[in-house]
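The block underneath contains the structure these notes are about, expressed in structure tokens.
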Amino acid sequence: MISQTVPMVGEEFVMGYRKQSVWSKWIALAFFFGKVGSGMFILAVLLNTPLIALAGLVIENVGKGGALLIHLGRPARFWRAMTRPQSSWISRTVWVMGIFTVIGLIYLVLPAGSPAWQIFKVLALVSAVVVAITDGFVMNDSPAIPLWNTPMLPFLFLFYSLLGGTSVFFFLVHGGWASITPLVDLETLETALIIINLIGVAIYLGSMVNATATARESLRLLIKGPYSGMFFGFVVAIGFILTLVLTLFLGASGGTLVVGLITLADLIGHFFIFYLLLMVGVYSPVLGKLTI
Amino acid sequence: MAKAATSPATGDRWVRSACKMCLHGCGIRVRVQDGVIVKIEGDPDNLNNRGKICPKGHTGIMRHYDPNRIKSPVRRTNPNRGPGVDPGWEPISWDEALDIVGKRLKKIRQEDPRKLLVAINDFQRIHLWGWGAAFGTGHYFTTTGQFCGAAYHPINGIIDGSFASVNDYEYCNYWIQMGGGDGFSSHLHVAGSIKRMADARVDRGMKLVAVDPRMASYCAKADEWIPILPGTDRAFILGMVYVILYELNRYDAEFLKKHTNGPYLIAPDGRLFRHPESKKPMVWDGVDNRAKEYDDPTIKDFTLEGYYKVNGTEVRPGFQVIKDTLKDHTPEKMSKVCDVPAETMRRIAREFVEAARIGSTVMIEGKQYPYRPAAINFYRGAIGHCEGTHDHAAIKLMNMLVGNIDVPGGHLGVGLDHRLLLIEPGPDGMLKPQPHILHPMVPFTCPPNTLQMMEFFPIGLDPAHLVAHNILNPDEWGFDFKPEAALIYHANPLKNINGYDKVLEVFKMLDFIVAIDILPNESTEWADVILPDHSYLESYMMTLCEPPVITGHTLRQPVVEPMYDTRDAHDILTEISERCGCLDEFNGLLNFTMFLKPEHHLKPGRKYTVLECLDRMAKSIYGPGQDLKWFMKNNNAVRHIKPGEMYLPWEGMRISLYHEYFLQVADDLEEKFRAAGKEWDTSSYLPVPTWNDNHPLHRLPREYDLYAINFKAEAVLNHHENTTIPWVNELVSNIPIHKGVLINTRTAREKGIKTGDRISIESPFGRVEGIARVIEEIHPRVIGISNAITRWTMHPVERKMNTHFNRLLPASLEFTDRVSGHQETAVKVRISKI
Amino acid sequence: MARYGMVIDLKRCVGCNACTVACKAENGTPPGIFFTKVLEQVAGQYPIVKKKYVPVLCNHCLNAPCVRVCPSGATHKREDGIVLVDYNKCIGCKACVVACPYKNRELMPEGKLKEGHFKGYLTPFEQVKYKKFQEGVVVKCTFCSERVDQGLEPSCVNTCPAEARVFGDLHDPESKVSRLIRQRGGIQPMSEANTDPSVYYIE
Ligand code: SF4
Ligand code: SF4
Ligand code: SF4
Ligand code: SF4
């Protein structure tokens with residue numbers, strides 16, 4: 001039996017692990033706005049702050065939509081993206097976004113408390129959740145990138161969406177830009193969500209340790225390779241540890257500045273985790289089991 | 001599936017022609033759409049390559065359309081010349097350019113034609129190589145041949161009248177390949193040969209054993225790769241010869257007795273033992289137990305072994321001399337030299353002899369031939385060394401022991417052109433040795449006239465690596481002239497000759513350089529005038545070079561009109577010849593080099609166009625019915641070589657097993673030197689190849705702990721010359737072996753070197769720098785340098801990595817094979833991280 | 001209906017890359033874009049080393065992830081199994097690039113068609129060939145559909161000196177491809193991805 005070490009290769013004509021490179025910052029940004037927007041919307045609906053719900057819709061459409069448009073090689077033809085919902089998750093996200101926007105707007109214009117409003121409130125919530133999750137399916141749809149090809153991703157997207165929404169909310173409420181009627185302890189919610197996400201990320205990455213060699217290669221890139229600095233700095237130190245420390249030890253009592261810092265740190269961690277997951281997307285070697 | 005696209009409509013046509021992206025010239029068809037070349041494919045109706053071409057063949061489009069091509073005659077405006085210095089080309093008219101060149105060369109010719117250096121390497125227009133001789137100068141200032149053929153062609157010619165040689169693709173079952181790319185990446189008609197080799201390996205299950213310091217593509221595909229130290233292939237072979245002679249004791253005695261001089265009796269001085277009166281060589285009849293003249297019809301058995309006394313002289317058959325000479329070349333001893341385990345040599349020797357099926361025969365087209373389906377094939381890597389003659393002779397010896405020379409399944413001679421093997425009877429019942437297939441012998445003179453001292457290499461090929469040294473040190477051999485100018489035509493001496501520093505000195509010394517080419521290169525960047533040649537897709541040529549299996553010319557013809565104000569190099573040389581006063585001599589040369597029959601001879605005092613010449617060439621070779629027009633219509637006259645032309649074409653004459661011929665040549669040479677009052681070492685003219693413990697390569701100082709080799713041609717490369725083609729550049733930039741200096745993992749670890757590190761490589765003769773590329777598949781004591789990383793030309797596409805391998809090589813007589821003139825092409829180095 | 005496929009004989013292939021260049025020449029792909037290439041695979045430790053050459057190209061998968069994920073319908077599968085990108089429909093979302101398990105797709109980035117192999121200059125060849133491309137869309141091996149439609153072999157098959165590449169109809173049990181797959185045990189690349197490639201390797 002001949003030993004074989006599979007190298008990480010670039011464009012060279014060598015069999016080995018290759019990194020995907022065509023989905024990077026703009027897709028990461030689209031995911032980011034998509035989750036923060038839907039998260040804000042969900043919280044806003046639950047906490048009855050229509051203006052923030054509107055802001056969530058705007059972020060979803062302008063932020064995510066804009067980032068996607070920039071990402072496209074042929075933005076003028078963006079409408080074609082809607083033509084294949086029967087098989088394409090990208091098509092579906094576009095549809096879902098549109099449906100979500102329409103429902104959300106209807107919900108916002110309907111007189112609060114009316115039966116229709118009640119129905120649309122539920123519909124809006126559901127569609128927002130779907131929006132948050134579908135991006136996970138978009139990533140999950142790449143059969144040869146094992147890091148992405150896991151059902152955990154949609155959940156991760158949902159929880160990050162809630163965390164993002166909560167963070168922004170936390171900041172807005174604390175700064176006095178929004179007020180919420182049912183008194184919810186945003187600080188506790190924030191802490192809980194950070195911990196849930198931390199556990200989620202840990203389980204997700206942990207599951208890669210025992211997955212295929214390719215997945216381990218992704219993991220290696222993330223925690224030992226060229227991306228480890230960004231991972232430990234932005235995602236772990238800023239996104240988790242700083243936010244946790246700040247919320248646990250200072251929290252709302254630390255003043256708007258601290259809350260702002262928590263939100264900012266959370267959003268930084270939020271953006272970078274998905275950006276880095278994209279960057280360390282490694283393909284299995286093209287022959288699969290057919291090796292020497 | 002259909003073979004050919006059918007789009008004959010005007011504006012979209014296929015033109016049949018011949019490739020010139022390497023020397024061999026596969027048949028191609030070129031698709032031209034509205035005047036633009038859009039595709040080159042193999043010509044399915046050319047038996048040579050049957051519709052296939054290698055990667056180089058496709059890239060011809062990108063060379064043709066290279067915007068850096070020389071678009072009209074140009075003259076330098078910048079008086080300063082040097083590597084990387086922009087010459088400031090200025091377009092001039094053809095008349096002006098030719099006048100400048102003509103005037104200058106005429107003056108030189110009147111004073112002393114030897115003041116002109118000539119470097120002509122257009123490898124398909126071989127008939128123009130001798131232009132210098134027409135001018136009156138014999139210098140050979142370029143060394144493409146030295147990197148492959150000096151120890152190859154003459155020895156092939158001496159042994160069986162061939163120019164090249166290759167194993168029999170059709171019948172061979174056990175193929176040992178050493179230091180050559182036949183059937184995989186390079187050498188004889190690679191596109192056709194790859195298919196023949198793949199058929200043999202895959203369809204017939206032929207076993208392939210590959211011997212090379214580096215896992216070249218042929219080693220990767222082999223059943224077994226045997227890594228070896230550079231320049232020790234002979235030791236590996238002789239170790240196996242020992243096994244065959246002393247341990248297995250199995251060889252093709254019948255072949256040796258019947259077809260070689262193995263039974264000829266040898267006197268104690270190593271020369272043939274001749275009949276006192278008839279002067280005929282004698283043999284020993286083992287039945288009658290007495291010596292007889294070799295052609296005595298009463299001979300019952302030609303004895304190969306034993307010691308005899310004839311008329312008071314101790315004699316032995318040549319075969320016995322070989323056996324005795326090699327009696328200490330045990331695998332154990334040879335293993336220490338070449339780093340191949342003795343057991344491997346024993347095993348391979350046994351497999352080889354068994355696979356050879358000594359004694360078996362085969363019927364081909366009604367004739368019975370010996371059938372020896374085991375053979376060793378080799379090329380430059382194995383024999384391109386300063387004792388290359390012996391390396392070559394050793395391999396031929398092992399082949400001959402199983403009787404496989406020019407028989408089905410064995411090792412077959414290949415001709416240079418349509419003449420195929422040059423079969424003429426020689427003295428003593430032998431086949432006449434043909435060491436001079438490329439050009440006639442240069443007669444001895446001392447001091448020599450040619451700076452490469454061809455006069456001193458009566459059976460060798462121009463050792464051009466000696467030129468620069470002799471120019472800079474004229475007194476050593478008494479050269480009484482100093483070169484002033486150079487004509488460089490499709491050659492790159494600054495890049496391809498060893499001893500860069502000296503060659504550079506020569507370039508600085510020259511005050512006039514004229515170049516003929518389609519693109520500038522390292523050397524022609526120094527030119528004063530460049531005369532642009534047509535690209536091969538714009539010109540005519542009758543192409544046939546070193547054809548294995550097939551023979552017959554293919555016509556290269558223009559597929560498009562010339563893009564620029566260029567002319568055919570043949571016509572350019574005609575114009576220059578006229579202007580400098582050697583037109584008659586040039587015409588005379590072409591009569592010879594284009595094989596013109598007397599009725600088609602070019603007459604003095606008249607200029608002939610290339611088309612006229614090619615027409616006469618076609619008619620001379622193929623008869624009046626097959627003139628140039630016929631070729632324009634039918635494209636090629638390619639056919640299979642007939643069994644009778646390929647197998648035992650010299651039957652009835654003996655080929656040389658014991659190379660007494662070398663001793664004859666040496667004696668003659670010594671005598672001439674004595675008469676001239678000079679000394680010359682002829683000790684390497686040996687009748688039997690042996691391992692030499694004083695091999696100069698292996699005696700380089702110990703601190704140079706690694707060997708360095710280069711590889712000039714995996715399938716994408718043609719020497720170094722095509723790396724400026726974008727498609728080739730893209731490939732070599734992506735293929736690991738062409739990305740840096742290859743170092744074995746273990747060695748790299750010991751020296752603290754990683755892939756991507758910049759390293760210094762130093763030999764006793766020069767130093768270069770390069771990027772390290774750490775790989776597994778190379779001998780740990782060897783580093784490998786692809787030709788793709790050696791260049792520095794100003795051409796914008798070139799990567800300019802400038803790990804110029806030749807700078808590491810010696811360029812002196814000490815490292816020159818005194819028989820063939822071959823230079824040493826490996827060297828020892830030390831490397832370190834910078 | 002035919003299902004076109006290719007068999008690549010890894011025993012015959014000598015890694016010459018004639019196919020790589022023949023494809024560049026046929027399709028006129030700009031610098032750095034290859035529809036096929038020959039990957040090297042090295043295993044073992046000196047002196048026991050194995051090196052293999054593995055030509056790769058679009059597998060024209062029957063169950064092609066690239067077709068599934070394409071949101072615009074640009075990537076489609078013809079009846080004969082050839083997977084193509086309609087450059088007029090592609091929006092350049094690159095979902096297919098990411099989804100192709102074999103990394104056989106590439107974006108034709110902005111400016112690529114002006115770059116030229118001789119930086120900043122387009123040869124007449126490139127001027128002709130670039131007409132059929134667009135920037136901002138995804139490109140890949142077409143199985144030389146234009147040649148195949150004329151009854152010709154793909155360019156890489158046509159040139160392969162080792163005849164390591166064989167093209168034909170997988171649905172025809174008597175075709176050379178079907179026979180080779182049967183007799184020598186054709187293997188699909190990364191069969192675990194369930195894409196059902198139309199390219200098979202034999203060893
Ligand atoms: S052309 Fe044929 S032999 Fe050469 S690399 Fe391609 S598939 Fe292999
Ligand atoms: S190989 Fe890739 S691009 Fe080709 S059909 Fe399969 S998934 Fe699509
Ligand atoms: S890049 Fe083009 S072909 Fe690929 S999935 Fe997007 S729209 Fe389809
Ligand atoms: S089938 Fe055509 S497009 Fe595909 S790799 Fe071969 S030559 Fe290129």
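Chain labels follow the order of the structure tokens: the first chain is A, the next B, and so on; residue numbering restarts at 1 in every chain, and ligands are counted from 1 in their shown order.
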
Worksheet entry | chain C residues near chain A (7 Å cut-off, only C-alpha atoms) as a PyMOL selection string | chain C and resi 37-41+43-44+68-73+91-94+98-99+101-102+136-137+189-190+193

Item to complete: Produce as JSON, numbers by chain the set of residues near ligand 4, where near means within 7 Å with only C-alpha atoms and all ligand atoms considered.
Response: {"C": [19, 22, 23, 24, 26, 27, 35, 36, 57, 58, 141, 142, 143, 144, 154, 155, 156, 157]}

Worksheet item: Please, which residues have at least one atom within 6 Å of an atom of ligand 2, using only C-alpha atoms and all ligand atoms, listed as number ranges by chain?
Response: C: 58-61, 64-66, 83, 100-102, 104-105

Item to complete: Please provide the set of residues having any atom within 10 Å of B:Met794, restricted to only C-alpha atoms, with same-chain residues fewer than 2 positions apart removed, written as a PyMOL selection string.
Response: chain B and resi 83-86+520-522+525+724+791-792+796-800

Requested write-out: all heavy atoms of the selected residues, as a compact mmCIF listing (two decimals), in the first residue's frame:
```txt
# COMPACT_ATOMS: atom_id res chain seq x y z
N PRO B 83 22.54 41.66 -22.42
CA PRO B 83 21.31 40.97 -22.02
C PRO B 83 20.31 41.98 -21.47
O PRO B 83 20.64 42.79 -20.61
CB PRO B 83 21.79 40.01 -20.91
CG PRO B 83 23.28 39.96 -21.05
CD PRO B 83 23.71 41.24 -21.68
N GLY B 84 19.12 41.94 -22.00
CA GLY B 84 18.08 42.83 -21.50
C GLY B 84 18.16 44.25 -22.04
O GLY B 84 17.34 45.09 -21.69
N VAL B 85 19.14 44.54 -22.90
CA VAL B 85 19.24 45.89 -23.45
C VAL B 85 18.41 45.99 -24.72
O VAL B 85 18.60 45.20 -25.65
CB VAL B 85 20.72 46.24 -23.76
CG1 VAL B 85 20.81 47.64 -24.36
CG2 VAL B 85 21.57 46.13 -22.51
N ASP B 86 17.50 46.94 -24.75
CA ASP B 86 16.63 47.09 -25.92
C ASP B 86 17.45 47.51 -27.13
O ASP B 86 18.09 48.55 -27.10
CB ASP B 86 15.55 48.14 -25.59
CG ASP B 86 14.57 48.30 -26.74
OD1 ASP B 86 14.75 47.63 -27.79
OD2 ASP B 86 13.61 49.09 -26.59
N PRO B 520 12.73 37.25 -32.03
CA PRO B 520 14.04 37.42 -31.40
C PRO B 520 14.18 36.46 -30.22
O PRO B 520 13.19 36.06 -29.62
CB PRO B 520 14.02 38.88 -30.89
CG PRO B 520 12.70 39.45 -31.28
CD PRO B 520 11.80 38.35 -31.72
N ASN B 521 15.41 36.08 -29.92
CA ASN B 521 15.68 35.28 -28.73
C ASN B 521 16.90 35.85 -28.01
O ASN B 521 17.42 36.90 -28.40
CB ASN B 521 15.88 33.81 -29.11
CG ASN B 521 17.06 33.58 -30.03
OD1 ASN B 521 18.04 34.33 -30.01
ND2 ASN B 521 16.99 32.56 -30.85
N GLU B 522 17.39 35.16 -26.99
CA GLU B 522 18.51 35.66 -26.19
C GLU B 522 19.68 36.09 -27.06
O GLU B 522 20.36 37.07 -26.76
CB GLU B 522 18.98 34.58 -25.22
CG GLU B 522 18.11 34.37 -23.99
CD GLU B 522 16.91 33.45 -24.25
OE1 GLU B 522 16.63 33.13 -25.44
OE2 GLU B 522 16.23 33.07 -23.28
N GLU B 525 18.77 38.96 -29.93
CA GLU B 525 18.61 40.29 -29.34
C GLU B 525 19.91 41.10 -29.46
O GLU B 525 19.92 42.30 -29.24
CB GLU B 525 18.19 40.16 -27.86
CG GLU B 525 16.71 39.82 -27.69
CD GLU B 525 16.32 39.23 -26.34
OE1 GLU B 525 17.15 39.31 -25.40
OE2 GLU B 525 15.22 38.68 -26.22
N THR B 724 8.04 30.86 -25.21
CA THR B 724 7.44 32.19 -25.39
C THR B 724 6.06 32.11 -26.02
O THR B 724 5.46 33.14 -26.30
CB THR B 724 8.34 33.09 -26.26
OG1 THR B 724 8.56 32.42 -27.51
CG2 THR B 724 9.67 33.36 -25.60
N ARG B 791 15.19 30.35 -19.25
CA ARG B 791 15.36 31.46 -20.20
C ARG B 791 15.29 32.85 -19.58
O ARG B 791 14.79 33.04 -18.49
CB ARG B 791 14.31 31.35 -21.31
CG ARG B 791 14.43 30.09 -22.11
CD ARG B 791 13.61 30.13 -23.35
NE ARG B 791 14.11 31.14 -24.29
CZ ARG B 791 13.52 31.42 -25.44
NH1 ARG B 791 12.42 30.81 -25.79
NH2 ARG B 791 14.03 32.34 -26.24
N TRP B 792 15.79 33.83 -20.34
CA TRP B 792 15.74 35.21 -19.88
C TRP B 792 15.42 36.19 -21.01
O TRP B 792 15.55 37.39 -20.87
CB TRP B 792 17.06 35.59 -19.22
CG TRP B 792 18.23 35.61 -20.18
CD1 TRP B 792 18.67 36.67 -20.90
CD2 TRP B 792 19.10 34.52 -20.51
NE1 TRP B 792 19.76 36.31 -21.67
CE2 TRP B 792 20.05 34.99 -21.45
CE3 TRP B 792 19.19 33.18 -20.11
CZ2 TRP B 792 21.05 34.19 -21.99
CZ3 TRP B 792 20.19 32.38 -20.66
CH2 TRP B 792 21.11 32.89 -21.58
N PRO B 796 7.96 39.32 -24.07
CA PRO B 796 7.08 39.59 -22.93
C PRO B 796 6.39 38.36 -22.34
O PRO B 796 6.00 38.39 -21.17
CB PRO B 796 6.04 40.56 -23.50
CG PRO B 796 6.23 40.57 -24.97
CD PRO B 796 7.60 40.08 -25.26
N VAL B 797 6.21 37.31 -23.12
CA VAL B 797 5.51 36.14 -22.58
C VAL B 797 6.42 35.31 -21.66
O VAL B 797 5.96 34.68 -20.73
CB VAL B 797 4.95 35.26 -23.73
CG1 VAL B 797 4.38 33.96 -23.19
CG2 VAL B 797 3.89 36.04 -24.50
N GLU B 798 7.70 35.33 -21.90
CA GLU B 798 8.63 34.47 -21.18
C GLU B 798 8.60 34.75 -19.67
O GLU B 798 8.53 35.89 -19.24
CB GLU B 798 10.05 34.67 -21.72
CG GLU B 798 11.11 33.83 -21.08
CD GLU B 798 10.82 32.34 -21.18
OE1 GLU B 798 10.43 31.89 -22.26
OE2 GLU B 798 10.98 31.64 -20.16
N ARG B 799 8.69 33.67 -18.89
CA ARG B 799 8.68 33.85 -17.43
C ARG B 799 10.01 34.40 -16.91
O ARG B 799 10.10 34.86 -15.78
CB ARG B 799 8.39 32.52 -16.73
CG ARG B 799 6.97 32.04 -16.91
CD ARG B 799 6.71 30.78 -16.08
NE ARG B 799 7.48 29.65 -16.59
CZ ARG B 799 7.58 28.48 -15.96
NH1 ARG B 799 6.98 28.29 -14.80
NH2 ARG B 799 8.28 27.48 -16.48
N LYS B 800 11.05 34.28 -17.72
CA LYS B 800 12.37 34.84 -17.36
C LYS B 800 12.87 34.31 -16.01
O LYS B 800 13.30 35.08 -15.16
CB LYS B 800 12.33 36.36 -17.34
CG LYS B 800 11.88 36.98 -18.66
CD LYS B 800 11.88 38.50 -18.59
CE LYS B 800 11.37 39.14 -19.86
NZ LYS B 800 10.02 38.72 -20.28
```

Quick one: contact table of chain C to ligand 1, 7 Å max, nearest atom pair and distance in Å to one decimal per residue, counting only C-alpha atoms and all ligand atoms, chain and number order, as CSV?
```
residue,atom,partner,partner_atom_place_in_ligand_line,distance
C:Ile8,CA,ligand 1,7 (S),6.8
C:Arg12,CA,ligand 1,3 (S),6.5
C:Cys13,CA,ligand 1,8 (Fe),3.6
C:Val14,CA,ligand 1,3 (S),4.5
C:Gly15,CA,ligand 1,5 (S),3.6
C:Cys16,CA,ligand 1,4 (Fe),3.9
C:Asn17,CA,ligand 1,5 (S),3.9
C:Ala18,CA,ligand 1,1 (S),4.1
C:Cys19,CA,ligand 1,1 (S),4.0
C:Thr20,CA,ligand 1,6 (Fe),6.5
C:Val38,CA,ligand 1,5 (S),5.8
C:Pro55,CA,ligand 1,7 (S),5.7
C:Cys156,CA,ligand 1,1 (S),6.5
C:Thr159,CA,ligand 1,1 (S),6.3
C:Cys160,CA,ligand 1,1 (S),3.7
C:Pro161,CA,ligand 1,2 (Fe),5.8
C:Ala162,CA,ligand 1,3 (S),4.7
C:Glu163,CA,ligand 1,2 (Fe),6.0
C:Ala164,CA,ligand 1,2 (Fe),5.0
C:Arg165,CA,ligand 1,7 (S),5.5
```

Discussion item. I'd like to know which residues of stretch 196-231 of chain A are alpha helix (DSSP H) (by DSSP, run on the backbone); could you write them as a ChimeraX atom specification?
Written reply: /A:196-209,213-223,228-230

Item to complete: Give me, as a ChimeraX atom specification, the contact residues of chain B against chain C at a cut-off of 6 Å, counting only C-alpha atoms.
Response: /B:2,38,52-55,65,191,194-195,198,220,715,726,776

Worksheet item: Neighbours of stretch 570-583 of chain B within 9 Å (only C-alpha atoms; same-chain residues fewer than 5 positions away dropped), as a ChimeraX atom specification?
Response: /B:98-99,101-110,125,128,131,134-136,516,531-533,588,604-610

Keeping N, CA and C atoms, export the residues of the selection given above as an mmCIF file, in the first residue's frame.
```cif
data_model
loop_
_atom_site.group_PDB
_atom_site.id
_atom_site.type_symbol
_atom_site.label_atom_id
_atom_site.label_comp_id
_atom_site.auth_asym_id
_atom_site.auth_seq_id
_atom_site.Cartn_x
_atom_site.Cartn_y
_atom_site.Cartn_z
ATOM 1 N N LEU B 98 19.739 43.597 -46.958
ATOM 2 C CA LEU B 98 20.585 42.606 -47.620
ATOM 3 C C LEU B 98 21.900 43.242 -48.064
ATOM 4 N N ASP B 99 21.838 44.508 -48.442
ATOM 5 C CA ASP B 99 23.082 45.175 -48.831
ATOM 6 C C ASP B 99 24.032 45.320 -47.650
ATOM 7 N N VAL B 101 24.168 43.455 -45.022
ATOM 8 C CA VAL B 101 24.696 42.133 -44.687
ATOM 9 C C VAL B 101 25.674 41.667 -45.757
ATOM 10 N N GLY B 102 25.256 41.817 -47.015
ATOM 11 C CA GLY B 102 26.081 41.342 -48.126
ATOM 12 C C GLY B 102 27.439 42.020 -48.137
ATOM 13 N N LYS B 103 27.415 43.311 -47.962
ATOM 14 C CA LYS B 103 28.667 44.064 -48.010
ATOM 15 C C LYS B 103 29.610 43.592 -46.910
ATOM 16 N N ARG B 104 29.030 43.473 -45.723
ATOM 17 C CA ARG B 104 29.846 43.113 -44.577
ATOM 18 C C ARG B 104 30.437 41.705 -44.739
ATOM 19 N N LEU B 105 29.577 40.790 -45.146
ATOM 20 C CA LEU B 105 30.048 39.412 -45.266
ATOM 21 C C LEU B 105 31.006 39.256 -46.449
ATOM 22 N N LYS B 106 30.785 40.051 -47.491
ATOM 23 C CA LYS B 106 31.674 39.967 -48.648
ATOM 24 C C LYS B 106 33.089 40.353 -48.230
ATOM 25 N N LYS B 107 33.170 41.408 -47.448
ATOM 26 C CA LYS B 107 34.487 41.868 -47.003
ATOM 27 C C LYS B 107 35.176 40.770 -46.190
ATOM 28 N N ILE B 108 34.400 40.184 -45.284
ATOM 29 C CA ILE B 108 34.973 39.111 -44.459
ATOM 30 C C ILE B 108 35.425 37.950 -45.336
ATOM 31 N N ARG B 109 34.569 37.629 -46.296
ATOM 32 C CA ARG B 109 34.890 36.480 -47.126
ATOM 33 C C ARG B 109 36.164 36.723 -47.911
ATOM 34 N N GLN B 110 36.341 37.960 -48.362
ATOM 35 C CA GLN B 110 37.562 38.264 -49.107
ATOM 36 C C GLN B 110 38.792 38.205 -48.210
ATOM 37 N N ARG B 125 15.086 22.409 -42.059
ATOM 38 C CA ARG B 125 15.805 22.733 -43.296
ATOM 39 C C ARG B 125 17.269 22.323 -43.129
ATOM 40 N N LEU B 128 20.159 23.455 -45.309
ATOM 41 C CA LEU B 128 20.796 24.772 -45.231
ATOM 42 C C LEU B 128 21.897 24.824 -44.171
ATOM 43 N N TRP B 131 25.490 25.956 -44.994
ATOM 44 C CA TRP B 131 25.725 27.204 -45.712
ATOM 45 C C TRP B 131 27.126 27.759 -45.428
ATOM 46 N N ALA B 134 29.658 26.675 -47.804
ATOM 47 C CA ALA B 134 29.616 27.395 -49.073
ATOM 48 C C ALA B 134 30.318 28.742 -48.942
ATOM 49 N N PHE B 135 30.149 29.356 -47.805
ATOM 50 C CA PHE B 135 30.777 30.650 -47.563
ATOM 51 C C PHE B 135 32.288 30.493 -47.395
ATOM 52 N N GLY B 136 32.665 29.349 -46.833
ATOM 53 C CA GLY B 136 34.091 29.105 -46.625
ATOM 54 C C GLY B 136 34.487 29.032 -45.168
ATOM 55 N N ILE B 516 18.625 35.465 -38.792
ATOM 56 C CA ILE B 516 17.452 35.111 -39.596
ATOM 57 C C ILE B 516 16.541 34.314 -38.675
ATOM 58 N N LEU B 531 16.826 39.507 -40.344
ATOM 59 C CA LEU B 531 16.087 39.268 -41.582
ATOM 60 C C LEU B 531 14.980 38.276 -41.254
ATOM 61 N N PRO B 532 13.738 38.704 -41.350
ATOM 62 C CA PRO B 532 12.645 37.840 -40.870
ATOM 63 C C PRO B 532 12.266 36.729 -41.846
ATOM 64 N N ASP B 533 12.190 35.554 -41.316
ATOM 65 C CA ASP B 533 11.783 34.352 -42.051
ATOM 66 C C ASP B 533 10.245 34.280 -42.033
ATOM 67 N N GLY B 588 26.031 24.593 -55.327
ATOM 68 C CA GLY B 588 26.716 23.295 -55.293
ATOM 69 C C GLY B 588 26.363 22.529 -54.027
ATOM 70 N N PRO B 604 25.668 26.931 -61.713
ATOM 71 C CA PRO B 604 26.339 28.104 -61.151
ATOM 72 C C PRO B 604 25.806 29.385 -61.791
ATOM 73 N N GLY B 605 25.947 30.469 -61.077
ATOM 74 C CA GLY B 605 25.643 31.770 -61.660
ATOM 75 C C GLY B 605 24.171 32.116 -61.737
ATOM 76 N N ARG B 606 23.335 31.280 -61.146
ATOM 77 C CA ARG B 606 21.905 31.570 -61.215
ATOM 78 C C ARG B 606 21.280 31.442 -59.840
ATOM 79 N N LYS B 607 20.344 32.327 -59.560
ATOM 80 C CA LYS B 607 19.631 32.206 -58.292
ATOM 81 C C LYS B 607 18.400 31.325 -58.500
ATOM 82 N N TYR B 608 18.181 30.404 -57.599
ATOM 83 C CA TYR B 608 16.989 29.563 -57.673
ATOM 84 C C TYR B 608 16.106 29.864 -56.468
ATOM 85 N N THR B 609 14.806 29.915 -56.687
ATOM 86 C CA THR B 609 13.912 30.137 -55.554
ATOM 87 C C THR B 609 13.755 28.835 -54.786
ATOM 88 N N VAL B 610 13.266 28.965 -53.577
ATOM 89 C CA VAL B 610 13.049 27.776 -52.767
ATOM 90 C C VAL B 610 12.098 26.815 -53.486
#
```

Each chain B residue no farther than 12 Å from chain A, nearest pair in Å, only C-alpha atoms, as a tab-separated table:
```
residue	atom	partner	partner_atom	distance
B:Glu730	CA	A:Glu12	CA	10.2
B:Leu731	CA	A:Phe13	CA	8.6
B:Val732	CA	A:Glu12	CA	9.7
B:Ser733	CA	A:Glu12	CA	7.8
B:Asn734	CA	A:Glu12	CA	4.5
B:Ile735	CA	A:Phe13	CA	5.6
B:Pro736	CA	A:Glu12	CA	7.2
B:Ile737	CA	A:Phe13	CA	10.4
B:His738	CA	A:Glu12	CA	11.0
B:Lys739	CA	A:Glu12	CA	9.8
B:Ile775	CA	A:Pro7	CA	11.8
B:Glu776	CA	A:Gln4	CA	11.2
```

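Here atom CA of B:Gly623 stands at a distance of 20.2 Å from atom CA of B:Leu416.
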
Worksheet entry | Selection near stretch 174-187 of chain C, 6 Å with only C-alpha atoms, sequence-local residues under 6 positions removed, as an MDAnalysis selection string | chainID C and resid 7 168 200:202

Discussion item. Could you list, as a PyMOL selection string, every residue within 10 Å of A:Phe171, counting only C-alpha atoms and ignoring same-chain residues fewer than 5 positions away?
Written reply: chain A and resi 166+176-178+186+252+256-264
